[in-house]
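Participant: Got a structure for you, written out below as structure tokens; questions coming shortly.
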Amino acid sequence: MDSDFSHAFQKELICVICSNYLVDPVTICCGHSFCRPCLCISWEEDQSPANCPACREPSRKQDFKTNILLKNLVTIARKASLWQFLSSEKQICGTHRETKKMFCDVEKSLLCLLCSNSQEHGAHTHYPIEGAAEEHREKLLKKMQSLWEKACENHRNLNMETTRTRCWKDYVSLRREAIRAEYQKMPAFLHEEEQHHLERLQKEGEDIFQQLNESKARMEHSRELLRGMYEDLKQMCHKADVELLQAFEDILHRYESLLLQVPQPANPELSAGPITGLLDRLSGFRVDFTLQPERANSHIFLYGDLRSMNVGCDPQDDPHFTAKSECFLVWGAQTFTSGKYYWEVHVGDTWNWAFGVCNNYWKEKRQNDKIDGGEGLFLLGCVKEDAHCSLFTTSPLVVQYVPRPASRVGLFLDCEGRTMTFVDVDQSSLIYTIPNCSFSPPLRPIFCCSHF
């Protein structure tokens, strides 16, 4: 009867995914419990919404808490298995006739307490095996959490690099047309400069396209390595206590070596490419205007990952905001209905900013709710992602792979031509021209930024 009870007890502590004792058990909405690593892998492969691997009931993916009761019961079950293992004749010291309860970290073997204190082994590091195995298993779980986060980061970077690679040639083509359009407004003697500019763009574009493909291949390879290492760590957690202690240092070394090899995104960037006479031409349309600042309850901030931008949020909606965060929104008092206008904005070394023009529909709509995708906004923006600053333009959203302006940005609004052009003043180079803008005059200059 005791044997039947023990078997039934142990069966309840088995993960149905891996058929081993639960490791870092979590209980999902339907009540079934699994190893956290097994559930992560299972749900990574499932389509949303995720289903319970046991009963297939739909379940919300969320950051589940460790089931402490189950974890403690699994620990008891493992200790029972260990005591049974240590009670065998093989684990009795032939010299002292005592049970081998100490693990020698140098020789990776079991010793009795007297042997571990002997002259031969006295200088070695020893652990009481009962507690050491669980401590090492906890260390592995922490490494697995870090590895999973790194794998998710690599997955995001791979998706980003895949998108960049797929869109790169179209982006270079758009940029070529924008540069050609600028030169068409310039004197004919700049034709040779235009050709050199476009040839350089073509060469850089081809080189970066190759770099993106190589970066994508490295990330795909890294994805397989990270997934394999995660599986290895999971299997190590399932091993018997002695096996775990014997192999711990080796797998830890492999884990640390792998993390050093995880590739980073290519962060492609085309050279600025000065255009002779560009600023002289635009300066002929220069205007000055007064500003109308807004603060407090009317914050504006651009947030997202450059694949989905939102504009117009309350600070509590964004995790980056703190009590000391300041957001600024400034309108131009004047409005534009026709004509051509040029003005400049000083950006310095700031980041998380955007400026351009908006229509009255956006200004009025914004008072009530968010505007999806920046509707009614024609902006150049800068967002800091880790240590890298990325530029983008809106309507439609296009990431700009050119150097971030170091000082001043020029803005040129052509109401009749329905274009909004941004230039790097210090470099006298084109950042981008938004073509075919769906202007709904009157248009109003807008500038927004956040400081942290």
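How things are named: the first chain in the structure tokens is A, the next is B, and so on; residues count from 1 in each chain; ligands count from 1 in the order shown.
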From the DSSP assignment of the backbone, select every residue of stretch 44-197 of chain A that is strand (DSSP E or B), and format the answer as a VMD selection string.
Facilitator: chain A and resid 50 to 51 58 to 59 66 92 99 102 to 104 109 to 111 126 to 128
Participant: Restrict the selected residues to N, CA and C atoms and save them as a PDB file, in the first residue's frame.
Facilitator:
ATOM      1  N   ALA A  50      -2.850  30.674 -26.769  1.00  0.00           N
ATOM      2  CA  ALA A  50      -2.192  29.427 -26.413  1.00  0.00           C
ATOM      3  C   ALA A  50      -3.205  28.468 -25.793  1.00  0.00           C
ATOM      4  N   ASN A  51      -2.950  27.174 -25.971  1.00  0.00           N
ATOM      5  CA  ASN A  51      -3.808  26.157 -25.386  1.00  0.00           C
ATOM      6  C   ASN A  51      -3.047  25.380 -24.331  1.00  0.00           C
ATOM      7  N   PRO A  58      -8.114  26.965 -24.074  1.00  0.00           N
ATOM      8  CA  PRO A  58      -7.386  28.208 -24.324  1.00  0.00           C
ATOM      9  C   PRO A  58      -6.931  28.856 -23.022  1.00  0.00           C
ATOM     10  N   SER A  59      -5.745  29.408 -23.041  1.00  0.00           N
ATOM     11  CA  SER A  59      -5.197  30.015 -21.825  1.00  0.00           C
ATOM     12  C   SER A  59      -4.486  31.303 -22.194  1.00  0.00           C
ATOM     13  N   THR A  66       5.695  31.032  -9.746  1.00  0.00           N
ATOM     14  CA  THR A  66       6.064  29.664  -9.392  1.00  0.00           C
ATOM     15  C   THR A  66       5.093  29.118  -8.346  1.00  0.00           C
ATOM     16  N   ILE A  92      28.285   3.005  -0.020  1.00  0.00           N
ATOM     17  CA  ILE A  92      28.876   2.841   1.309  1.00  0.00           C
ATOM     18  C   ILE A  92      30.391   2.843   1.164  1.00  0.00           C
ATOM     19  N   THR A  99      27.996   6.123   4.776  1.00  0.00           N
ATOM     20  CA  THR A  99      27.341   6.525   3.523  1.00  0.00           C
ATOM     21  C   THR A  99      28.071   7.714   2.896  1.00  0.00           C
ATOM     22  N   MET A 102      28.947  13.302   0.776  1.00  0.00           N
ATOM     23  CA  MET A 102      29.650  14.528   0.385  1.00  0.00           C
ATOM     24  C   MET A 102      30.073  14.440  -1.081  1.00  0.00           C
ATOM     25  N   PHE A 103      29.903  15.545  -1.798  1.00  0.00           N
ATOM     26  CA  PHE A 103      30.318  15.602  -3.205  1.00  0.00           C
ATOM     27  C   PHE A 103      31.618  16.384  -3.310  1.00  0.00           C
ATOM     28  N   CYS A 104      32.645  15.778  -3.904  1.00  0.00           N
ATOM     29  CA  CYS A 104      33.935  16.435  -4.111  1.00  0.00           C
ATOM     30  C   CYS A 104      33.899  17.175  -5.435  1.00  0.00           C
ATOM     31  N   SER A 109      33.107  13.296  -7.482  1.00  0.00           N
ATOM     32  CA  SER A 109      32.713  11.989  -6.963  1.00  0.00           C
ATOM     33  C   SER A 109      32.155  12.137  -5.552  1.00  0.00           C
ATOM     34  N   LEU A 110      31.501  11.073  -5.080  1.00  0.00           N
ATOM     35  CA  LEU A 110      30.939  11.057  -3.738  1.00  0.00           C
ATOM     36  C   LEU A 110      31.935  10.491  -2.738  1.00  0.00           C
ATOM     37  N   LEU A 111      31.968  11.097  -1.556  1.00  0.00           N
ATOM     38  CA  LEU A 111      32.839  10.650  -0.473  1.00  0.00           C
ATOM     39  C   LEU A 111      32.045  10.613   0.820  1.00  0.00           C
ATOM     40  N   HIS A 126      34.019  20.610  -0.970  1.00  0.00           N
ATOM     41  CA  HIS A 126      33.014  19.562  -0.814  1.00  0.00           C
ATOM     42  C   HIS A 126      31.653  20.183  -0.504  1.00  0.00           C
ATOM     43  N   TYR A 127      30.588  19.494  -0.960  1.00  0.00           N
ATOM     44  CA  TYR A 127      29.223  19.924  -0.677  1.00  0.00           C
ATOM     45  C   TYR A 127      28.447  18.748  -0.082  1.00  0.00           C
ATOM     46  N   PRO A 128      27.609  19.008   0.898  1.00  0.00           N
ATOM     47  CA  PRO A 128      26.638  17.968   1.285  1.00  0.00           C
ATOM     48  C   PRO A 128      25.687  17.786   0.103  1.00  0.00           C
TER      49      PRO A 128
END
Participant: Please tabulate, as CSV, the residues of stretch 85-186 of chain A that come within 9 Å of stretch 432-435 of chain A, each with its closest pair of atoms and the distance in Å to one decimal, counting only C-alpha atoms and ordering rows by chain, then residue number upward.
Facilitator:
residue,atom,partner,partner_atom,distance
A:Arg175,CA,A:Tyr432,CA,7.3
A:Ala178,CA,A:Thr433,CA,6.3
A:Ile179,CA,A:Tyr432,CA,8.5
Participant: Excluding A:Glu57 and residues on its chain fewer than 2 positions from it, collect all residues at most 12 Å away from it, counting only C-alpha atoms, and give them as a list of chain:residue names.
Facilitator: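 With the cut-off at 12 Å, the set is A:Ile28, A:Cys29, A:Cys30, A:Gly31, A:His32, A:Pro49, A:Ala50, A:Asn51, A:Cys52, A:Pro53, A:Ala54, A:Cys55, A:Ser59, A:Arg60.
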Participant: Set the distance at 9 Å and use only C-alpha atoms: which residues neighbour A:Met229 once local chain neighbours fewer than 3 positions away are removed? I'd like the list as a PyMOL selection string.
Facilitator: chain A and resi 144+147+224-226+232-234+251+254-255+258
Participant: Produce a file of the selected residues containing N, CA, C and O atoms, as an mmCIF file, in the first residue's frame.
Facilitator:
data_model
loop_
_atom_site.group_PDB
_atom_site.id
_atom_site.type_symbol
_atom_site.label_atom_id
_atom_site.label_comp_id
_atom_site.auth_asym_id
_atom_site.auth_seq_id
_atom_site.Cartn_x
_atom_site.Cartn_y
_atom_site.Cartn_z
ATOM 1 N N MET A 144 18.666 29.852 -17.075
ATOM 2 C CA MET A 144 17.663 29.598 -18.108
ATOM 3 C C MET A 144 16.787 30.820 -18.349
ATOM 4 O O MET A 144 16.421 31.117 -19.485
ATOM 5 N N LEU A 147 18.805 33.151 -20.340
ATOM 6 C CA LEU A 147 18.940 32.620 -21.691
ATOM 7 C C LEU A 147 17.655 32.811 -22.482
ATOM 8 O O LEU A 147 17.688 33.157 -23.671
ATOM 9 N N GLU A 224 19.074 28.798 -33.239
ATOM 10 C CA GLU A 224 19.173 27.358 -33.043
ATOM 11 C C GLU A 224 20.089 27.020 -31.863
ATOM 12 O O GLU A 224 19.793 26.108 -31.080
ATOM 13 N N LEU A 225 21.192 27.743 -31.735
ATOM 14 C CA LEU A 225 22.122 27.489 -30.633
ATOM 15 C C LEU A 225 21.482 27.807 -29.281
ATOM 16 O O LEU A 225 21.628 27.051 -28.317
ATOM 17 N N LEU A 226 20.765 28.933 -29.206
ATOM 18 C CA LEU A 226 20.118 29.331 -27.955
ATOM 19 C C LEU A 226 19.022 28.342 -27.576
ATOM 20 O O LEU A 226 18.884 27.971 -26.408
ATOM 21 N N ASP A 232 19.229 21.915 -23.333
ATOM 22 C CA ASP A 232 20.267 21.228 -22.552
ATOM 23 C C ASP A 232 20.184 21.588 -21.077
ATOM 24 O O ASP A 232 20.326 20.718 -20.201
ATOM 25 N N LEU A 233 19.966 22.863 -20.788
ATOM 26 C CA LEU A 233 19.837 23.288 -19.391
ATOM 27 C C LEU A 233 18.600 22.664 -18.742
ATOM 28 O O LEU A 233 18.629 22.273 -17.569
ATOM 29 N N LYS A 234 17.526 22.593 -19.524
ATOM 30 C CA LYS A 234 16.304 21.976 -19.000
ATOM 31 C C LYS A 234 16.545 20.503 -18.668
ATOM 32 O O LYS A 234 16.153 20.011 -17.598
ATOM 33 N N ILE A 251 28.463 22.539 -18.326
ATOM 34 C CA ILE A 251 27.353 23.179 -19.021
ATOM 35 C C ILE A 251 27.311 24.677 -18.730
ATOM 36 O O ILE A 251 26.905 25.476 -19.575
ATOM 37 N N ARG A 254 29.722 26.248 -21.145
ATOM 38 C CA ARG A 254 29.119 26.303 -22.492
ATOM 39 C C ARG A 254 28.094 27.419 -22.583
ATOM 40 O O ARG A 254 28.012 28.126 -23.599
ATOM 41 N N TYR A 255 27.311 27.584 -21.527
ATOM 42 C CA TYR A 255 26.289 28.639 -21.483
ATOM 43 C C TYR A 255 26.934 30.025 -21.592
ATOM 44 O O TYR A 255 26.508 30.864 -22.400
ATOM 45 N N LEU A 258 28.367 30.724 -25.043
ATOM 46 C CA LEU A 258 27.327 30.982 -26.039
ATOM 47 C C LEU A 258 26.821 32.408 -25.964
ATOM 48 O O LEU A 258 26.613 33.068 -26.999
#
Participant: Quick one: everything within 8 Å of A:Tyr183, counting only C-alpha atoms, minus sequence neighbours fewer than 4 positions away in the same chain. Send it as a ChimeraX atom specification.
Facilitator: /A:179,187,190-191,194,275
Participant: Can those selected residues be exported to a file as a PDB file, in the first residue's frame so that it contains C-alpha atoms?
Facilitator:
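Done, and the output landed in part34.pdb:
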ATOM      1  CA  ILE A 179      17.594  62.668 -54.168  1.00  0.00           C
ATOM      2  CA  PRO A 187      21.204  74.096 -61.652  1.00  0.00           C
ATOM      3  CA  LEU A 190      25.344  69.786 -60.684  1.00  0.00           C
ATOM      4  CA  HIS A 191      24.519  66.814 -62.930  1.00  0.00           C
ATOM      5  CA  GLU A 194      24.145  63.970 -58.822  1.00  0.00           C
ATOM      6  CA  ILE A 275      23.841  68.463 -51.975  1.00  0.00           C
TER       7      ILE A 275
END
Participant: Any chance you could tabulate, as a tab-separated table, the residues of stretch 228-275 of chain A at most 12 Å from stretch 406-424 of chain A with each one's nearest atom pair and distance in Å to one decimal, using only C-alpha atoms, in chain and rising number order?
Facilitator:
residue	atom	partner	partner_atom	distance
A:Ser271	CA	A:Asp424	CA	11.8
A:Ala272	CA	A:Asp424	CA	8.3
A:Gly273	CA	A:Asp424	CA	10.1
A:Pro274	CA	A:Asp424	CA	9.0
A:Ile275	CA	A:Val423	CA	10.1
Participant: Write the residues you've just listed into a file as an mmCIF file, in the first residue's frame, and include N, CA and C atoms for each of them.
Facilitator:
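The result, stored in result.cif:
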data_model
loop_
_atom_site.group_PDB
_atom_site.id
_atom_site.type_symbol
_atom_site.label_atom_id
_atom_site.label_comp_id
_atom_site.auth_asym_id
_atom_site.auth_seq_id
_atom_site.Cartn_x
_atom_site.Cartn_y
_atom_site.Cartn_z
ATOM 1 N N SER A 271 25.511 56.950 -45.909
ATOM 2 C CA SER A 271 26.216 58.213 -45.653
ATOM 3 C C SER A 271 25.317 59.401 -45.999
ATOM 4 N N ALA A 272 25.644 60.559 -45.428
ATOM 5 C CA ALA A 272 24.783 61.739 -45.553
ATOM 6 C C ALA A 272 24.663 62.226 -46.998
ATOM 7 N N GLY A 273 25.773 62.450 -47.672
ATOM 8 C CA GLY A 273 25.718 62.894 -49.064
ATOM 9 C C GLY A 273 25.275 64.333 -49.231
ATOM 10 N N PRO A 274 26.186 65.324 -49.052
ATOM 11 C CA PRO A 274 25.813 66.743 -49.201
ATOM 12 C C PRO A 274 25.319 67.058 -50.611
ATOM 13 N N ILE A 275 24.358 67.979 -50.688
ATOM 14 C CA ILE A 275 23.841 68.463 -51.975
ATOM 15 C C ILE A 275 24.185 69.944 -52.067
#
